[in-house]
>>> print(open('query_0.json').read())   # JSON, C-alpha atoms
[["chain", "number", "residue", "atom", "x", "y", "z"],
["A", 1, "MET", "CA", 118.62, 15.65, -121.07],
["A", 2, "LYS", "CA", 116.05, 16.29, -118.33],
["A", 3, "THR", "CA", 116.43, 18.82, -115.55],
["A", 4, "CYS", "CA", 114.39, 19.27, -112.42],
["A", 5, "ARG", "CA", 114.62, 21.99, -109.78],
["A", 6, "LYS", "CA", 112.86, 21.79, -106.44],
["A", 7, "GLU", "CA", 113.17, 23.85, -103.28],
["A", 8, "LEU", "CA", 112.64, 22.38, -99.84],
["A", 9, "THR", "CA", 111.91, 24.66, -96.88],
["A", 10, "PHE", "CA", 112.81, 23.90, -93.27],
["A", 11, "ARG", "CA", 112.14, 25.69, -90.00],
["A", 12, "THR", "CA", 113.70, 24.05, -86.98],
["A", 13, "GLN", "CA", 112.39, 24.52, -83.45],
["A", 14, "THR", "CA", 115.92, 24.97, -82.10],
["A", 15, "ARG", "CA", 118.96, 27.04, -83.05],
["A", 16, "ARG", "CA", 120.88, 23.93, -84.12],
["A", 17, "ALA", "CA", 119.50, 20.71, -85.57],
["A", 18, "TYR", "CA", 120.33, 17.85, -87.93],
["A", 19, "LEU", "CA", 117.54, 16.64, -90.21],
["A", 20, "ASN", "CA", 117.63, 13.57, -92.43],
["A", 21, "ILE", "CA", 116.30, 14.93, -95.74],
["A", 22, "THR", "CA", 116.89, 11.77, -97.77],
["A", 23, "PRO", "CA", 113.12, 11.03, -98.08],
["A", 24, "GLN", "CA", 112.44, 14.51, -99.53],
["A", 25, "VAL", "CA", 115.35, 14.19, -101.97],
["A", 26, "ASN", "CA", 114.13, 10.71, -103.01],
["A", 27, "ALA", "CA", 110.67, 12.16, -103.63],
["A", 28, "ALA", "CA", 112.15, 14.93, -105.81],
["A", 29, "LEU", "CA", 114.14, 12.33, -107.76],
["A", 30, "ALA", "CA", 111.03, 10.19, -108.35],
["A", 31, "GLU", "CA", 109.14, 13.30, -109.48],
["A", 32, "SER", "CA", 111.92, 14.20, -111.94],
["A", 33, "GLY", "CA", 111.76, 10.94, -113.89],
["A", 34, "VAL", "CA", 115.57, 10.94, -114.20],
["A", 35, "ARG", "CA", 116.99, 7.40, -114.28],
["A", 36, "GLU", "CA", 120.70, 8.16, -114.88],
["A", 37, "GLY", "CA", 122.39, 11.40, -113.89],
["A", 38, "LEU", "CA", 123.34, 13.57, -110.94],
["A", 39, "CYS", "CA", 121.49, 15.08, -108.01],
["A", 40, "LEU", "CA", 122.82, 18.26, -106.38],
["A", 41, "VAL", "CA", 121.48, 19.20, -102.96],
["A", 42, "ASN", "CA", 122.64, 22.49, -101.46],
["A", 43, "ALA", "CA", 121.77, 24.76, -98.59],
["A", 44, "MET", "CA", 120.64, 28.17, -99.79],
["A", 45, "ASN", "CA", 121.48, 29.93, -96.55],
["A", 46, "ILE", "CA", 124.95, 30.78, -95.29],
["A", 47, "THR", "CA", 124.27, 29.44, -91.78],
["A", 48, "ALA", "CA", 123.05, 25.98, -92.83],
["A", 49, "SER", "CA", 124.72, 22.94, -94.34],
["A", 50, "VAL", "CA", 124.00, 19.86, -96.42],
["A", 51, "PHE", "CA", 126.20, 16.80, -95.92],
["A", 52, "ILE", "CA", 126.24, 13.03, -96.22],
["A", 53, "ASN", "CA", 126.80, 10.74, -93.27],
["A", 54, "ASP", "CA", 125.28, 7.98, -91.14],
["A", 55, "ASN", "CA", 121.80, 8.37, -89.64],
["A", 56, "GLU", "CA", 122.91, 7.64, -86.10],
["A", 57, "SER", "CA", 121.84, 9.85, -83.20],
["A", 58, "GLY", "CA", 125.08, 9.37, -81.25],
["A", 59, "LEU", "CA", 127.03, 10.64, -84.24],
["A", 60, "HIS", "CA", 124.76, 13.69, -84.45],
["A", 61, "ARG", "CA", 125.45, 14.45, -80.78],
["A", 62, "ASP", "CA", 129.16, 14.05, -81.55],
["A", 63, "PHE", "CA", 128.84, 16.60, -84.38],
["A", 64, "GLU", "CA", 127.19, 19.00, -81.97],
["A", 65, "ARG", "CA", 129.89, 18.68, -79.31],
["A", 66, "TRP", "CA", 132.74, 18.84, -81.83],
["A", 67, "LEU", "CA", 131.35, 21.89, -83.63],
["A", 68, "GLU", "CA", 130.74, 23.68, -80.31],
["A", 69, "LYS", "CA", 134.40, 23.11, -79.41],
["A", 70, "LEU", "CA", 135.53, 24.50, -82.79],
["A", 71, "ALA", "CA", 133.15, 27.47, -82.84],
["A", 72, "PRO", "CA", 131.25, 27.92, -79.58],
["A", 73, "GLU", "CA", 128.07, 29.97, -79.79],
["A", 74, "LYS", "CA", 128.84, 31.95, -76.62],
["A", 75, "PRO", "CA", 130.10, 34.33, -75.57],
["A", 76, "HIS", "CA", 128.80, 36.24, -78.57],
["A", 77, "SER", "CA", 131.38, 38.96, -77.89],
["A", 78, "GLN", "CA", 134.24, 36.68, -78.99],
["A", 79, "TYR", "CA", 133.36, 37.25, -82.67],
["A", 80, "ASP", "CA", 133.95, 40.40, -84.71],
["A", 81, "HIS", "CA", 130.96, 39.50, -86.92],
["A", 82, "ASN", "CA", 128.51, 39.66, -84.04],
["A", 83, "GLY", "CA", 126.99, 43.09, -83.79],
["A", 84, "TYR", "CA", 123.57, 43.26, -85.34],
["A", 85, "GLU", "CA", 123.35, 39.46, -85.35],
["A", 86, "ASP", "CA", 124.72, 36.82, -82.98],
["A", 87, "ASN", "CA", 125.40, 34.06, -85.50],
["A", 88, "ALA", "CA", 129.13, 34.16, -86.29],
["A", 89, "ASP", "CA", 129.46, 30.64, -84.91],
["A", 90, "ALA", "CA", 126.81, 29.42, -87.38],
["A", 91, "HIS", "CA", 128.81, 30.79, -90.31],
["A", 92, "LEU", "CA", 131.92, 28.99, -89.10],
["A", 93, "LYS", "CA", 130.06, 25.71, -88.50],
["A", 94, "ARG", "CA", 128.66, 25.82, -92.03],
["A", 95, "SER", "CA", 132.18, 26.32, -93.40],
["A", 96, "VAL", "CA", 133.29, 23.12, -91.68],
["A", 97, "MET", "CA", 130.22, 20.99, -92.55],
["A", 98, "GLY", "CA", 129.91, 22.09, -96.17],
["A", 99, "ARG", "CA", 127.42, 23.68, -98.50],
["A", 100, "GLU", "CA", 126.29, 20.86, -100.79],
["A", 101, "VAL", "CA", 126.45, 17.26, -101.89],
["A", 102, "VAL", "CA", 126.27, 15.63, -105.31],
["A", 103, "VAL", "CA", 124.97, 12.07, -105.55],
["A", 104, "ALA", "CA", 125.00, 9.87, -108.65],
["A", 105, "VAL", "CA", 121.62, 8.65, -109.88],
["A", 106, "THR", "CA", 121.62, 5.06, -111.14],
["A", 107, "ASN", "CA", 118.51, 3.20, -112.27],
["A", 108, "GLY", "CA", 116.34, 5.98, -110.83],
["A", 109, "LYS", "CA", 117.84, 5.74, -107.33],
["A", 110, "LEU", "CA", 120.36, 7.75, -105.33],
["A", 111, "ASP", "CA", 123.58, 5.73, -105.62],
["A", 112, "PHE", "CA", 124.69, 5.72, -101.98],
["A", 113, "GLY", "CA", 127.40, 3.80, -100.20],
["A", 114, "THR", "CA", 126.58, 1.75, -97.13],
["A", 115, "TRP", "CA", 124.75, 3.79, -94.46],
["A", 116, "GLU", "CA", 124.92, 7.05, -96.42],
["A", 117, "GLN", "CA", 122.05, 9.52, -96.01],
["A", 118, "ILE", "CA", 121.65, 13.22, -96.82],
["A", 119, "PHE", "CA", 121.37, 15.64, -93.91],
["A", 120, "TYR", "CA", 120.45, 19.26, -93.47],
["A", 121, "GLY", "CA", 122.49, 20.88, -90.71],
["A", 122, "GLU", "CA", 120.94, 23.97, -89.14],
["A", 123, "PHE", "CA", 123.20, 26.27, -87.11],
["A", 124, "ASP", "CA", 121.02, 29.39, -86.73],
["A", 125, "GLY", "CA", 117.46, 28.11, -86.86],
["A", 126, "MET", "CA", 113.91, 28.98, -85.89],
["A", 127, "ARG", "CA", 113.21, 30.66, -89.22],
["A", 128, "ASP", "CA", 112.54, 29.46, -92.76],
["A", 129, "LYS", "CA", 115.56, 28.22, -94.70],
["A", 130, "ARG", "CA", 115.71, 26.76, -98.20],
["A", 131, "VAL", "CA", 117.50, 23.79, -99.73],
["A", 132, "LEU", "CA", 117.85, 23.42, -103.50],
["A", 133, "VAL", "CA", 117.54, 20.02, -105.16],
["A", 134, "LYS", "CA", 118.72, 20.11, -108.79],
["A", 135, "ILE", "CA", 118.58, 16.89, -110.79],
["A", 136, "ILE", "CA", 120.01, 16.45, -114.28],
["A", 137, "GLY", "CA", 120.19, 13.41, -116.50],
["A", 138, "GLU", "CA", 118.24, 11.06, -118.72]]
>>> encode(input="query_0.json", output="structure tokens")
Amino acid sequence: MKTCRKELTFRTQTRRAYLNITPQVNAALAESGVREGLCLVNAMNITASVFINDNESGLHRDFERWLEKLAPEKPHSQYDHNGYEDNADAHLKRSVMGREVVVAVTNGKLDFGTWEQIFYGEFDGMRDKRVLVKIIGE
């Protein structure tokens, strides 16, 4: 069995952002040489997320509005966590959007359903954050 581990690093220009990272994951898969197996992609920071959905900008705006209703950034004073930092909302948003995805690898390709893509969700950005890509298989 082969294994491959790769870290991706992202730094967004805004506090919150949604990045399609499918091309980077595809590149890691090609590099691995794995033809049949599994690909794990997970955010390595507690205020970021990895999830699968459609690459549609209206949907991304809907995520933003919905998450702000669930866990609004401001006022910062509404959260017990906020003291030294002001990112309690980012922790909550990550809890809703998820930490990782696992995608089957078939014939050397990510085995997606229709319209599926892998996204990195940033909820407390403007600094370096890491995403792990771990691929196992034959």
>>> closest_atom_pairs(input="query_0.json", of="stretch 14-36 of chain A", to="stretch 40-60 of chain A", cutoff="12 Å", atoms="all atoms listed in the file", output="CSV")
residue,atom,partner,partner_atom,distance
A:Arg15,CA,A:Thr47,CA,10.5
A:Arg16,CA,A:Ala48,CA,9.2
A:Ala17,CA,A:His60,CA,8.8
A:Tyr18,CA,A:His60,CA,7.0
A:Leu19,CA,A:Asn55,CA,9.3
A:Asn20,CA,A:Asn55,CA,7.2
A:Ile21,CA,A:Val50,CA,9.2
A:Thr22,CA,A:Ile52,CA,9.6
A:Gln24,CA,A:Val41,CA,10.7
A:Val25,CA,A:Val41,CA,8.0
A:Asn26,CA,A:Val41,CA,11.2
A:Ala28,CA,A:Val41,CA,10.6
A:Leu29,CA,A:Leu40,CA,10.6
>>> closest_residue(input="query_0.json", among="A:Leu67, A:Ile118, A:Met1, A:Val105", to="A:His91", atoms="all atoms listed in the file")
A:Leu67
>>> atom_distance(input="query_0.json", atom1="atom CA of A:Lys93", atom2="atom CA of A:Ala27")
28.1 Å
>>> residues_near_point(input="query_0.json", point="(133.3, 29.0, -83.2)", cutoff="8 Å", atoms="only C-alpha atoms", output="list in words")
Leu67, Glu68, Lys69, Leu70, Ala71, Pro72, Glu73, Ala88, Asp89, Ala90, Leu92 and Lys93 of chain A
>>> write_last_selection(input="query_0.json", atoms="C-alpha atoms", output="PDB file, keeping the file's coordinate frame")
ATOM      1  CA  LEU A  67     131.350  21.890 -83.630  1.00  0.00           C
ATOM      2  CA  GLU A  68     130.740  23.680 -80.310  1.00  0.00           C
ATOM      3  CA  LYS A  69     134.400  23.110 -79.410  1.00  0.00           C
ATOM      4  CA  LEU A  70     135.530  24.500 -82.790  1.00  0.00           C
ATOM      5  CA  ALA A  71     133.150  27.470 -82.840  1.00  0.00           C
ATOM      6  CA  PRO A  72     131.250  27.920 -79.580  1.00  0.00           C
ATOM      7  CA  GLU A  73     128.070  29.970 -79.790  1.00  0.00           C
ATOM      8  CA  ALA A  88     129.130  34.160 -86.290  1.00  0.00           C
ATOM      9  CA  ASP A  89     129.460  30.640 -84.910  1.00  0.00           C
ATOM     10  CA  ALA A  90     126.810  29.420 -87.380  1.00  0.00           C
ATOM     11  CA  LEU A  92     131.920  28.990 -89.100  1.00  0.00           C
ATOM     12  CA  LYS A  93     130.060  25.710 -88.500  1.00  0.00           C
TER      13      LYS A  93
END
>>> residues_near_point(input="query_0.json", point="(113.2, 32.9, -81.9)", cutoff="9 Å", atoms="all atoms listed in the file", output="compact mmCIF listing (two decimals) with C-alpha atoms, in the coordinates of the input")
# COMPACT_ATOMS: atom_id res chain seq x y z
CA GLN A 13 112.39 24.52 -83.45
CA THR A 14 115.92 24.97 -82.10
CA ARG A 15 118.96 27.04 -83.05
CA GLY A 125 117.46 28.11 -86.86
CA MET A 126 113.91 28.98 -85.89
CA ARG A 127 113.21 30.66 -89.22
>>> atom_distance(input="query_0.json", atom1="atom CA of A:Arg61", atom2="atom CA of A:Cys39")
27.5 Å
>>> axis_aligned_box(input="query_0.json", around="stretch 22-39 of chain A", padding_each_side="6 Å", output="AutoDock Vina command-line options")
--center_x 116.2 --center_y 11.2 --center_z -106.3 --size_x 26.2 --size_y 19.7 --size_z 29.1
>>> atom_distance(input="query_0.json", atom1="atom CA of A:Ser32", atom2="atom CA of A:Phe10")
21.1 Å
>>> residues_around(input="query_0.json", residues="A:Lys109", least_positions_apart="2", cutoff="9 Å", atoms="all atoms listed in the file", output="JSON, numbers by chain")
{"A": [26, 29, 30, 34, 35, 36, 104, 105, 106, 107, 111, 112]}
>>> write_last_selection(input="query_0.json", atoms="C-alpha atoms", output="PDB file, in the frame of the given file")
ATOM      1  CA  ASN A  26     114.130  10.710-103.010  1.00  0.00           C
ATOM      2  CA  LEU A  29     114.140  12.330-107.760  1.00  0.00           C
ATOM      3  CA  ALA A  30     111.030  10.190-108.350  1.00  0.00           C
ATOM      4  CA  VAL A  34     115.570  10.940-114.200  1.00  0.00           C
ATOM      5  CA  ARG A  35     116.990   7.400-114.280  1.00  0.00           C
ATOM      6  CA  GLU A  36     120.700   8.160-114.880  1.00  0.00           C
ATOM      7  CA  ALA A 104     125.000   9.870-108.650  1.00  0.00           C
ATOM      8  CA  VAL A 105     121.620   8.650-109.880  1.00  0.00           C
ATOM      9  CA  THR A 106     121.620   5.060-111.140  1.00  0.00           C
ATOM     10  CA  ASN A 107     118.510   3.200-112.270  1.00  0.00           C
ATOM     11  CA  ASP A 111     123.580   5.730-105.620  1.00  0.00           C
ATOM     12  CA  PHE A 112     124.690   5.720-101.980  1.00  0.00           C
TER      13      PHE A 112
END
>>> closest_residue(input="query_0.json", among="A:Lys6, A:Val101, A:Glu85, A:Gly33", to="A:Glu138", atoms="all atoms listed in the file")
A:Gly33
>>> closest_residue(input="query_0.json", among="A:Pro23, A:Gly108, A:Gly98, A:Gly137", to="A:Glu122", atoms="only C-alpha atoms")
A:Gly98
>>> closest_residue(input="query_0.json", among="A:Thr12, A:His81, A:Arg65, A:Lys74", to="A:Phe123", atoms="only C-alpha atoms")
A:Thr12
>>> closest_residue(input="query_0.json", among="A:Tyr79, A:Arg99, A:Leu110, A:Phe63", to="A:Ile135", atoms="all atoms listed in the file")
A:Leu110
>>> closest_residue(input="query_0.json", among="A:Glu116, A:Gly37, A:Gly121, A:Asp86", to="A:Glu64", atoms="only C-alpha atoms")
A:Gly121
>>> decode(input="query_0.json", residues="stretch 4-28 of chain A", atoms="N, CA, C and O atoms", output="CSV table (one decimal), in the first residue's frame")
chain,number,residue,atom,x,y,z
A,4,CYS,N,0.8,8.9,1.0
A,4,CYS,CA,1.3,10.2,0.6
A,4,CYS,C,0.7,11.2,1.5
A,4,CYS,O,-0.5,11.2,1.8
A,5,ARG,N,1.6,12.1,2.0
A,5,ARG,CA,1.1,13.2,2.9
A,5,ARG,C,1.6,14.5,2.3
A,5,ARG,O,2.8,14.6,2.0
A,6,LYS,N,0.7,15.4,2.2
A,6,LYS,CA,1.1,16.8,1.7
A,6,LYS,C,0.3,17.8,2.5
A,6,LYS,O,-0.8,17.6,2.8
A,7,GLU,N,1.0,18.9,2.8
A,7,GLU,CA,0.4,20.0,3.4
A,7,GLU,C,0.2,21.2,2.4
A,7,GLU,O,1.1,21.5,1.7
A,8,LEU,N,-1.0,21.8,2.4
A,8,LEU,CA,-1.2,23.0,1.7
A,8,LEU,C,-1.3,24.1,2.7
A,8,LEU,O,-1.8,23.9,3.8
A,9,THR,N,-0.9,25.3,2.2
A,9,THR,CA,-0.9,26.5,3.1
A,9,THR,C,-1.8,27.5,2.4
A,9,THR,O,-1.6,27.8,1.2
A,10,PHE,N,-2.6,28.2,3.2
A,10,PHE,CA,-3.5,29.2,2.7
A,10,PHE,C,-3.4,30.4,3.6
A,10,PHE,O,-3.3,30.3,4.8
A,11,ARG,N,-3.5,31.6,3.0
A,11,ARG,CA,-3.6,32.9,3.7
A,11,ARG,C,-4.6,33.7,2.9
A,11,ARG,O,-4.3,34.2,1.8
A,12,THR,N,-5.7,33.9,3.5
A,12,THR,CA,-6.8,34.7,2.8
A,12,THR,C,-6.6,36.2,3.1
A,12,THR,O,-6.0,36.5,4.1
A,13,GLN,N,-7.1,37.0,2.2
A,13,GLN,CA,-7.0,38.4,2.4
A,13,GLN,C,-8.1,39.0,3.2
A,13,GLN,O,-8.1,40.2,3.5
A,14,THR,N,-9.1,38.2,3.6
A,14,THR,CA,-10.2,38.6,4.3
A,14,THR,C,-10.4,37.6,5.5
A,14,THR,O,-9.8,36.5,5.5
A,15,ARG,N,-11.2,38.1,6.5
A,15,ARG,CA,-11.4,37.2,7.7
A,15,ARG,C,-12.1,35.9,7.3
A,15,ARG,O,-11.8,34.9,7.8
A,16,ARG,N,-13.1,36.0,6.4
A,16,ARG,CA,-13.8,34.8,5.9
A,16,ARG,C,-13.7,34.7,4.4
A,16,ARG,O,-13.8,35.7,3.7
A,17,ALA,N,-13.5,33.4,4.0
A,17,ALA,CA,-13.4,33.2,2.6
A,17,ALA,C,-13.7,31.7,2.3
A,17,ALA,O,-13.6,30.8,3.2
A,18,TYR,N,-14.1,31.4,1.0
A,18,TYR,CA,-14.3,30.0,0.6
A,18,TYR,C,-13.4,29.8,-0.6
A,18,TYR,O,-13.6,30.5,-1.6
A,19,LEU,N,-12.5,28.9,-0.6
A,19,LEU,CA,-11.6,28.6,-1.6
A,19,LEU,C,-11.8,27.2,-2.2
A,19,LEU,O,-11.8,26.2,-1.4
A,20,ASN,N,-11.9,27.1,-3.5
A,20,ASN,CA,-12.0,25.8,-4.2
A,20,ASN,C,-10.6,25.2,-4.2
A,20,ASN,O,-9.7,25.8,-4.9
A,21,ILE,N,-10.3,24.1,-3.4
A,21,ILE,CA,-9.0,23.6,-3.4
A,21,ILE,C,-8.9,22.3,-4.1
A,21,ILE,O,-7.9,21.5,-4.1
A,22,THR,N,-9.9,22.0,-4.9
A,22,THR,CA,-9.9,20.7,-5.7
A,22,THR,C,-8.7,20.6,-6.6
A,22,THR,O,-8.1,19.5,-6.7
A,23,PRO,N,-8.2,21.7,-7.3
A,23,PRO,CA,-7.0,21.5,-8.2
A,23,PRO,C,-5.8,21.1,-7.4
A,23,PRO,O,-5.0,20.3,-7.8
A,24,GLN,N,-5.6,21.7,-6.2
A,24,GLN,CA,-4.4,21.3,-5.3
A,24,GLN,C,-4.5,19.9,-4.9
A,24,GLN,O,-3.5,19.2,-4.8
A,25,VAL,N,-5.7,19.4,-4.5
A,25,VAL,CA,-5.9,18.0,-4.1
A,25,VAL,C,-5.7,17.1,-5.3
A,25,VAL,O,-5.0,16.1,-5.1
A,26,ASN,N,-6.2,17.5,-6.4
A,26,ASN,CA,-5.9,16.6,-7.6
A,26,ASN,C,-4.4,16.5,-7.9
A,26,ASN,O,-3.9,15.5,-8.3
A,27,ALA,N,-3.7,17.6,-7.8
A,27,ALA,CA,-2.3,17.6,-8.0
A,27,ALA,C,-1.6,16.7,-7.0
A,27,ALA,O,-0.7,15.9,-7.4
A,28,ALA,N,-2.0,16.7,-5.7
A,28,ALA,CA,-1.4,15.8,-4.7
A,28,ALA,C,-1.7,14.4,-5.0
A,28,ALA,O,-0.8,13.5,-4.9
